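Asks: Take this structure, written in structure tokens, and hold onto it; I'll ask about it next.
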Amino acid sequence: MNRFEQAAGRLMVALDYPTAERARELIKTLEGIPCYMKVGMQLYYSAGPDFVRELKERGYSVFLDLKMHDIPNTVKNGAYSLTSLGVDMFNVHAAGGLKMMKAAKEGVMEALSASPSLKQPILIGVTQLTSTDQKMLNQELGIPGTVEESVVCYASLTKEAGLDGVVASPLEVRAIKETCGQDFKTVTPGIRPAGSAVGDQSRTLTPLEAMKQGTDYIVVGRPIITAPSPRDAALQIIEEMKQAW
Ligand SMILES: O=C(O)c1cc(=O)[nH]c(=O)n1[C@@H]1O[C@H](COP(=O)(O)O)[C@@H](O)[C@H]1O
């Protein structure tokens, strides 16, 4: 694998579109770039599992971002369904607690033993959303301490539950890896190339800065999908990622 492919494989493009048709247009413009594709609530709720299967048939790695957060039994069954669908990665909210996250893992393992040909998906806990800032954490969510402390606390809980890593902002990657180990995966949205609109994100870094923090994957939506040329935007981000090595 050359350096371009290595970097592209760590870029997760958020297909935040209302329909499969719109997502297919973007995929066409990104043809030949071996990035990860992230399907979130907007697209999944409209296009469903068929679109995930289509992405798999096209050869993409798929992160299904549905952020499950429910009672343990419901999450276990949801995890069973998503594993059976054949996604490469999916996530649950760490705020659902230890028992819920362990149930998610059980759902994965049960699906794998029912269909041994399936590949084990990477199971990730969402810590504090990258739109959450210090004031919101303390005043709205009622969680004391700093954002980093809360993120590291959720990351430790996620590790204890036996999951593979967390979603966090790139600003917390070093602290997460120090506490949970270098192999514990970090998936980091809140990526903003220099000069691009921050929008509703609060805790952001550029692609280069995020890679320098040692993150495993960066998630990028609007800076690519709303760019005049999404292909150029994606290629530029991959170039930036390569500079970190
Ligand atoms: O789990 C996620 O992917 C996620 C977690 C988080 O804390 N923040 C966050 O932005 N995301 C997702 O990452 C993507 C970021 O998109 P942009 O802000 O457009 O780059 C969106 O699809 C979000 O749903």
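Please note that chains go A, B, ... in the order of the structure tokens, that every chain numbers its residues from 1, and that ligands are numbered from 1 in the order shown.
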Please provide the set of residues having any atom within 10 Å of A:Leu163, restricted to only C-alpha atoms, with same-chain residues fewer than 2 positions apart removed, written as a ChimeraX atom specification.
Replies: /A:91-92,101-102,104-105,122-125,155,157-161,165-166,184-185
Asks: How would the residues just chosen look if you wrote them out with all heavy atoms as a tab-separated table (two decimals), in the first residue's frame?
Replies:
chain	number	residue	atom	x	y	z
A	91	ASN	N	-21.08	2.60	15.91
A	91	ASN	CA	-20.86	3.25	17.20
A	91	ASN	C	-22.09	3.23	18.10
A	91	ASN	O	-23.22	3.07	17.63
A	91	ASN	CB	-20.36	4.70	16.99
A	91	ASN	CG	-21.29	5.53	16.14
A	91	ASN	OD1	-22.38	5.11	15.78
A	91	ASN	ND2	-20.85	6.72	15.79
A	92	VAL	N	-21.82	3.35	19.39
A	92	VAL	CA	-22.86	3.49	20.41
A	92	VAL	C	-22.43	4.65	21.30
A	92	VAL	O	-21.25	4.99	21.33
A	92	VAL	CB	-23.01	2.20	21.26
A	92	VAL	CG1	-23.39	1.01	20.40
A	92	VAL	CG2	-21.74	1.89	22.04
A	101	MET	N	-22.81	-0.89	26.76
A	101	MET	CA	-21.71	-1.13	25.81
A	101	MET	C	-21.31	-2.60	25.76
A	101	MET	O	-21.02	-3.15	24.70
A	101	MET	CB	-20.51	-0.23	26.15
A	101	MET	CG	-20.78	1.23	25.80
A	101	MET	SD	-19.28	2.23	25.82
A	101	MET	CE	-19.08	2.54	27.54
A	102	LYS	N	-21.32	-3.26	26.93
A	102	LYS	CA	-21.02	-4.70	26.95
A	102	LYS	C	-22.07	-5.47	26.16
A	102	LYS	O	-21.76	-6.43	25.47
A	102	LYS	CB	-20.98	-5.22	28.39
A	102	LYS	CG	-19.69	-4.88	29.12
A	102	LYS	CD	-19.69	-5.52	30.51
A	102	LYS	CE	-18.34	-5.35	31.19
A	102	LYS	NZ	-18.37	-5.74	32.60
A	104	ALA	N	-23.70	-4.34	23.60
A	104	ALA	CA	-23.41	-4.12	22.18
A	104	ALA	C	-22.37	-5.12	21.69
A	104	ALA	O	-22.52	-5.75	20.63
A	104	ALA	CB	-22.92	-2.68	21.96
A	105	LYS	N	-21.34	-5.29	22.49
A	105	LYS	CA	-20.27	-6.25	22.14
A	105	LYS	C	-20.84	-7.68	22.06
A	105	LYS	O	-20.49	-8.44	21.16
A	105	LYS	CB	-19.15	-6.14	23.18
A	105	LYS	CG	-17.94	-7.00	22.94
A	105	LYS	CD	-17.09	-6.50	21.77
A	105	LYS	CE	-15.95	-7.43	21.43
A	105	LYS	NZ	-14.73	-7.19	22.16
A	122	ILE	N	-15.40	-2.96	13.80
A	122	ILE	CA	-14.77	-2.16	14.85
A	122	ILE	C	-15.91	-1.47	15.59
A	122	ILE	O	-16.75	-0.81	14.98
A	122	ILE	CB	-13.81	-1.12	14.22
A	122	ILE	CG1	-12.73	-1.81	13.38
A	122	ILE	CG2	-13.17	-0.25	15.29
A	122	ILE	CD1	-11.86	-0.85	12.57
A	123	LEU	N	-15.96	-1.65	16.91
A	123	LEU	CA	-17.06	-1.11	17.72
A	123	LEU	C	-16.54	0.05	18.56
A	123	LEU	O	-15.58	-0.10	19.32
A	123	LEU	CB	-17.64	-2.24	18.58
A	123	LEU	CG	-18.78	-1.90	19.52
A	123	LEU	CD1	-19.94	-1.21	18.80
A	123	LEU	CD2	-19.30	-3.19	20.18
A	124	ILE	N	-17.20	1.19	18.39
A	124	ILE	CA	-16.67	2.46	18.90
A	124	ILE	C	-17.69	3.13	19.83
A	124	ILE	O	-18.88	3.13	19.54
A	124	ILE	CB	-16.43	3.39	17.67
A	124	ILE	CG1	-15.39	2.79	16.71
A	124	ILE	CG2	-16.04	4.79	18.06
A	124	ILE	CD1	-13.99	2.83	17.21
A	125	GLY	N	-17.21	3.75	20.91
A	125	GLY	CA	-18.08	4.51	21.81
A	125	GLY	C	-17.95	6.01	21.54
A	125	GLY	O	-16.84	6.52	21.43
A	155	ALA	N	-13.87	7.33	27.63
A	155	ALA	CA	-12.97	6.45	26.86
A	155	ALA	C	-12.55	5.25	27.73
A	155	ALA	O	-12.53	4.12	27.27
A	155	ALA	CB	-11.76	7.22	26.37
A	157	LEU	N	-14.21	3.96	30.22
A	157	LEU	CA	-15.39	3.10	30.38
A	157	LEU	C	-15.60	2.25	29.12
A	157	LEU	O	-15.92	1.07	29.19
A	157	LEU	CB	-16.61	4.00	30.62
A	157	LEU	CG	-17.88	3.33	31.14
A	157	LEU	CD1	-17.68	2.87	32.59
A	157	LEU	CD2	-19.07	4.29	31.05
A	158	THR	N	-15.38	2.88	27.98
A	158	THR	CA	-15.53	2.17	26.68
A	158	THR	C	-14.53	1.04	26.58
A	158	THR	O	-14.85	-0.07	26.15
A	158	THR	CB	-15.33	3.19	25.52
A	158	THR	OG1	-16.23	4.28	25.71
A	158	THR	CG2	-15.59	2.55	24.18
A	159	LYS	N	-13.31	1.34	27.02
A	159	LYS	CA	-12.27	0.30	27.00
A	159	LYS	C	-12.64	-0.84	27.96
A	159	LYS	O	-12.53	-2.02	27.61
A	159	LYS	CB	-10.91	0.89	27.37
A	159	LYS	CG	-9.84	-0.13	27.18
A	159	LYS	CD	-8.46	0.37	27.30
A	159	LYS	CE	-7.58	-0.88	27.14
A	159	LYS	NZ	-6.20	-0.62	27.24
A	160	GLU	N	-13.11	-0.46	29.14
A	160	GLU	CA	-13.49	-1.47	30.14
A	160	GLU	C	-14.60	-2.39	29.59
A	160	GLU	O	-14.65	-3.58	29.90
A	160	GLU	CB	-13.98	-0.75	31.41
A	160	GLU	CG	-14.12	-1.67	32.61
A	160	GLU	CD	-14.72	-0.96	33.82
A	160	GLU	OE1	-14.59	0.29	33.93
A	160	GLU	OE2	-15.34	-1.65	34.64
A	161	ALA	N	-15.48	-1.82	28.76
A	161	ALA	CA	-16.57	-2.62	28.19
A	161	ALA	C	-16.08	-3.56	27.08
A	161	ALA	O	-16.85	-4.38	26.59
A	161	ALA	CB	-17.65	-1.68	27.64
A	165	GLY	N	-12.54	1.36	20.55
A	165	GLY	CA	-12.06	2.74	20.52
A	165	GLY	C	-13.21	3.71	20.71
A	165	GLY	O	-14.33	3.31	21.06
A	166	VAL	N	-12.91	4.98	20.46
A	166	VAL	CA	-13.92	6.03	20.69
A	166	VAL	C	-13.97	7.06	19.56
A	166	VAL	O	-13.01	7.23	18.81
A	166	VAL	CB	-13.63	6.82	21.99
A	166	VAL	CG1	-13.99	6.03	23.23
A	166	VAL	CG2	-12.20	7.32	22.06
A	184	PHE	N	-5.81	1.61	21.21
A	184	PHE	CA	-7.22	1.97	21.37
A	184	PHE	C	-7.54	3.03	20.32
A	184	PHE	O	-6.94	4.11	20.30
A	184	PHE	CB	-7.44	2.50	22.79
A	184	PHE	CG	-8.86	2.62	23.20
A	184	PHE	CD1	-9.66	1.49	23.37
A	184	PHE	CD2	-9.42	3.86	23.45
A	184	PHE	CE1	-10.98	1.60	23.79
A	184	PHE	CE2	-10.74	3.98	23.86
A	184	PHE	CZ	-11.52	2.84	24.02
A	185	LYS	N	-8.48	2.71	19.42
A	185	LYS	CA	-8.69	3.54	18.23
A	185	LYS	C	-9.37	4.88	18.54
A	185	LYS	O	-10.26	4.95	19.39
A	185	LYS	CB	-9.55	2.81	17.21
A	185	LYS	CG	-9.00	1.47	16.77
A	185	LYS	CD	-8.66	1.49	15.31
A	185	LYS	CE	-7.99	0.22	14.83
A	185	LYS	NZ	-6.77	-0.14	15.55
Asks: Neighbours of A:Val62 within 7 Å (only C-alpha atoms; same-chain residues fewer than 6 positions away dropped), as a list in words?
Replies: Tyr36, Met37, Lys38, Val87, Asp88 and Met89 of chain A
Asks: Convert the current residue selection to file output with N, CA and C atoms, as a PDB file, in the first residue's frame.
Replies:
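Saved to out00.pdb:
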ATOM      1  N   TYR A  36     -12.691   5.652   3.439  1.00  0.00           N
ATOM      2  CA  TYR A  36     -13.790   5.024   4.185  1.00  0.00           C
ATOM      3  C   TYR A  36     -15.035   5.851   3.897  1.00  0.00           C
ATOM      4  N   MET A  37     -16.204   5.221   3.833  1.00  0.00           N
ATOM      5  CA  MET A  37     -17.451   5.979   3.675  1.00  0.00           C
ATOM      6  C   MET A  37     -18.244   5.899   4.976  1.00  0.00           C
ATOM      7  N   LYS A  38     -18.681   7.066   5.457  1.00  0.00           N
ATOM      8  CA  LYS A  38     -19.503   7.090   6.668  1.00  0.00           C
ATOM      9  C   LYS A  38     -20.952   7.369   6.303  1.00  0.00           C
ATOM     10  N   VAL A  87     -21.211  -4.186   8.191  1.00  0.00           N
ATOM     11  CA  VAL A  87     -20.485  -2.904   8.259  1.00  0.00           C
ATOM     12  C   VAL A  87     -19.099  -3.136   8.860  1.00  0.00           C
ATOM     13  N   ASP A  88     -18.171  -2.233   8.554  1.00  0.00           N
ATOM     14  CA  ASP A  88     -16.804  -2.368   9.059  1.00  0.00           C
ATOM     15  C   ASP A  88     -16.630  -1.710  10.416  1.00  0.00           C
ATOM     16  N   MET A  89     -17.502  -0.741  10.709  1.00  0.00           N
ATOM     17  CA  MET A  89     -17.417  -0.019  11.980  1.00  0.00           C
ATOM     18  C   MET A  89     -18.799   0.514  12.315  1.00  0.00           C
TER      19      MET A  89
END
Asks: What residues of the protein or nucleic acid chains come within 8 Å of ligand 1 when you use only C-alpha atoms and all ligand atoms? Reply as a PyMOL selection string.
Replies: chain A and resi 14-16+38-41+65-67+91+126-131+167-169+187-192+198-201+219-225
Asks: Save out the residues we just selected, C-alpha atoms, as a short mmCIF file (atom, residue, chain, number, x, y, z; two decimals), in the first residue's frame.
Replies:
data_model
loop_
_atom_site.label_atom_id
_atom_site.label_comp_id
_atom_site.auth_asym_id
_atom_site.auth_seq_id
_atom_site.Cartn_x
_atom_site.Cartn_y
_atom_site.Cartn_z
CA ALA A 14 -19.42 11.66 5.81
CA LEU A 15 -22.13 10.99 3.21
CA ASP A 16 -24.51 13.43 4.86
CA LYS A 38 -19.50 7.09 6.67
CA VAL A 39 -23.26 6.64 6.52
CA GLY A 40 -25.09 8.63 9.18
CA MET A 41 -28.68 9.03 10.29
CA ASP A 65 -22.81 6.07 12.40
CA LEU A 66 -26.15 5.56 14.15
CA LYS A 67 -24.90 6.33 17.68
CA ASN A 91 -20.86 3.25 17.20
CA VAL A 126 -19.05 8.15 21.26
CA THR A 127 -17.60 10.28 24.10
CA GLN A 128 -18.56 13.96 24.06
CA LEU A 129 -19.88 15.17 20.70
CA THR A 130 -17.52 17.54 18.92
CA SER A 131 -20.27 20.18 18.97
CA VAL A 167 -15.22 8.98 18.73
CA ALA A 168 -13.82 12.22 20.17
CA SER A 169 -12.38 15.48 18.91
CA VAL A 187 -12.12 8.36 15.26
CA THR A 188 -12.13 12.13 15.11
CA PRO A 189 -14.69 14.42 13.48
CA GLY A 190 -14.45 18.17 14.06
CA ILE A 191 -11.96 18.42 11.19
CA ARG A 192 -11.69 21.79 9.51
CA VAL A 198 -16.63 25.80 11.44
CA GLY A 199 -20.45 25.57 11.45
CA ASP A 200 -21.85 23.78 14.49
CA GLN A 201 -18.56 22.14 15.49
CA VAL A 219 -14.16 12.17 9.70
CA VAL A 220 -14.87 14.94 7.20
CA GLY A 221 -18.28 15.98 5.92
CA ARG A 222 -19.08 19.52 4.82
CA PRO A 223 -15.51 20.61 3.98
CA ILE A 224 -15.66 17.94 1.24
CA ILE A 225 -19.31 17.53 0.32
#
Asks: Tell me, in Å to one decimal, how far atom CA of A:Gly9 is from atom CA of A:Thr204.
Replies: 20.7 Å
Asks: Residues near A:Ala234, anyone? I mean within 10 Å using only C-alpha atoms, not counting same-chain ones fewer than 2 positions away, as a list in words.
Replies: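 Here the qualifying residues turn out to be Ala8, Leu11, Val13, Leu30, Ile33, Cys35, Val220, Pro223, Ile224, Ile225, Ala227, Ser229, Pro230, Arg231, Asp232, Gln236, Ile237, Ile238, Glu239 and Glu240 of chain A.
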Asks: May I have the residues from that selection written out with N, CA and C atoms, as a PDB file, in the first residue's frame?
Replies:
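Output file selection.pdb follows:
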ATOM      1  N   ALA A   8      -5.597   7.801   2.515  1.00  0.00           N
ATOM      2  CA  ALA A   8      -7.008   7.783   2.086  1.00  0.00           C
ATOM      3  C   ALA A   8      -7.824   6.819   2.935  1.00  0.00           C
ATOM      4  N   LEU A  11      -9.192   8.416   5.944  1.00  0.00           N
ATOM      5  CA  LEU A  11     -10.153   9.515   5.758  1.00  0.00           C
ATOM      6  C   LEU A  11     -11.550   8.918   5.645  1.00  0.00           C
ATOM      7  N   VAL A  13     -15.249   9.819   4.778  1.00  0.00           N
ATOM      8  CA  VAL A  13     -16.073  10.880   4.185  1.00  0.00           C
ATOM      9  C   VAL A  13     -17.512  10.690   4.651  1.00  0.00           C
ATOM     10  N   LEU A  30     -15.619  10.909  -6.398  1.00  0.00           N
ATOM     11  CA  LEU A  30     -14.466  10.455  -5.604  1.00  0.00           C
ATOM     12  C   LEU A  30     -13.897   9.123  -6.119  1.00  0.00           C
ATOM     13  N   ILE A  33     -10.550   6.960  -5.186  1.00  0.00           N
ATOM     14  CA  ILE A  33      -9.968   7.357  -3.888  1.00  0.00           C
ATOM     15  C   ILE A  33     -10.443   6.324  -2.855  1.00  0.00           C
ATOM     16  N   CYS A  35     -11.136   5.843   0.148  1.00  0.00           N
ATOM     17  CA  CYS A  35     -11.461   6.352   1.486  1.00  0.00           C
ATOM     18  C   CYS A  35     -12.520   5.462   2.138  1.00  0.00           C
ATOM     19  N   VAL A 220     -14.666  13.626   7.830  1.00  0.00           N
ATOM     20  CA  VAL A 220     -14.871  14.936   7.200  1.00  0.00           C
ATOM     21  C   VAL A 220     -16.160  14.915   6.379  1.00  0.00           C
ATOM     22  N   PRO A 223     -16.652  20.058   4.736  1.00  0.00           N
ATOM     23  CA  PRO A 223     -15.506  20.609   3.984  1.00  0.00           C
ATOM     24  C   PRO A 223     -15.265  19.878   2.656  1.00  0.00           C
ATOM     25  N   ILE A 224     -15.766  18.648   2.530  1.00  0.00           N
ATOM     26  CA  ILE A 224     -15.665  17.942   1.242  1.00  0.00           C
ATOM     27  C   ILE A 224     -16.974  18.058   0.470  1.00  0.00           C
ATOM     28  N   ILE A 225     -18.088  17.688   1.118  1.00  0.00           N
ATOM     29  CA  ILE A 225     -19.313  17.527   0.319  1.00  0.00           C
ATOM     30  C   ILE A 225     -19.932  18.856  -0.139  1.00  0.00           C
ATOM     31  N   ALA A 227     -17.886  21.458  -0.940  1.00  0.00           N
ATOM     32  CA  ALA A 227     -16.820  22.184  -1.661  1.00  0.00           C
ATOM     33  C   ALA A 227     -17.206  22.304  -3.136  1.00  0.00           C
ATOM     34  N   SER A 229     -15.376  21.684  -5.654  1.00  0.00           N
ATOM     35  CA  SER A 229     -14.948  20.400  -6.208  1.00  0.00           C
ATOM     36  C   SER A 229     -14.666  19.453  -5.042  1.00  0.00           C
ATOM     37  N   PRO A 230     -15.617  18.582  -4.713  1.00  0.00           N
ATOM     38  CA  PRO A 230     -15.377  17.642  -3.614  1.00  0.00           C
ATOM     39  C   PRO A 230     -14.131  16.777  -3.848  1.00  0.00           C
ATOM     40  N   ARG A 231     -13.878  16.430  -5.109  1.00  0.00           N
ATOM     41  CA  ARG A 231     -12.700  15.597  -5.385  1.00  0.00           C
ATOM     42  C   ARG A 231     -11.415  16.342  -5.023  1.00  0.00           C
ATOM     43  N   ASP A 232     -11.308  17.609  -5.459  1.00  0.00           N
ATOM     44  CA  ASP A 232     -10.107  18.394  -5.127  1.00  0.00           C
ATOM     45  C   ASP A 232      -9.982  18.563  -3.615  1.00  0.00           C
ATOM     46  N   GLN A 236      -6.847  17.219  -1.503  1.00  0.00           N
ATOM     47  CA  GLN A 236      -6.042  18.171  -0.728  1.00  0.00           C
ATOM     48  C   GLN A 236      -5.929  17.715   0.734  1.00  0.00           C
ATOM     49  N   ILE A 237      -7.023  17.205   1.275  1.00  0.00           N
ATOM     50  CA  ILE A 237      -7.000  16.713   2.664  1.00  0.00           C
ATOM     51  C   ILE A 237      -6.055  15.515   2.780  1.00  0.00           C
ATOM     52  N   ILE A 238      -6.099  14.629   1.790  1.00  0.00           N
ATOM     53  CA  ILE A 238      -5.210  13.454   1.827  1.00  0.00           C
ATOM     54  C   ILE A 238      -3.747  13.891   1.746  1.00  0.00           C
ATOM     55  N   GLU A 239      -3.463  14.900   0.895  1.00  0.00           N
ATOM     56  CA  GLU A 239      -2.095  15.439   0.808  1.00  0.00           C
ATOM     57  C   GLU A 239      -1.646  15.953   2.163  1.00  0.00           C
ATOM     58  N   GLU A 240      -2.557  16.688   2.838  1.00  0.00           N
ATOM     59  CA  GLU A 240      -2.251  17.247   4.155  1.00  0.00           C
ATOM     60  C   GLU A 240      -1.982  16.128   5.164  1.00  0.00           C
TER      61      GLU A 240
END
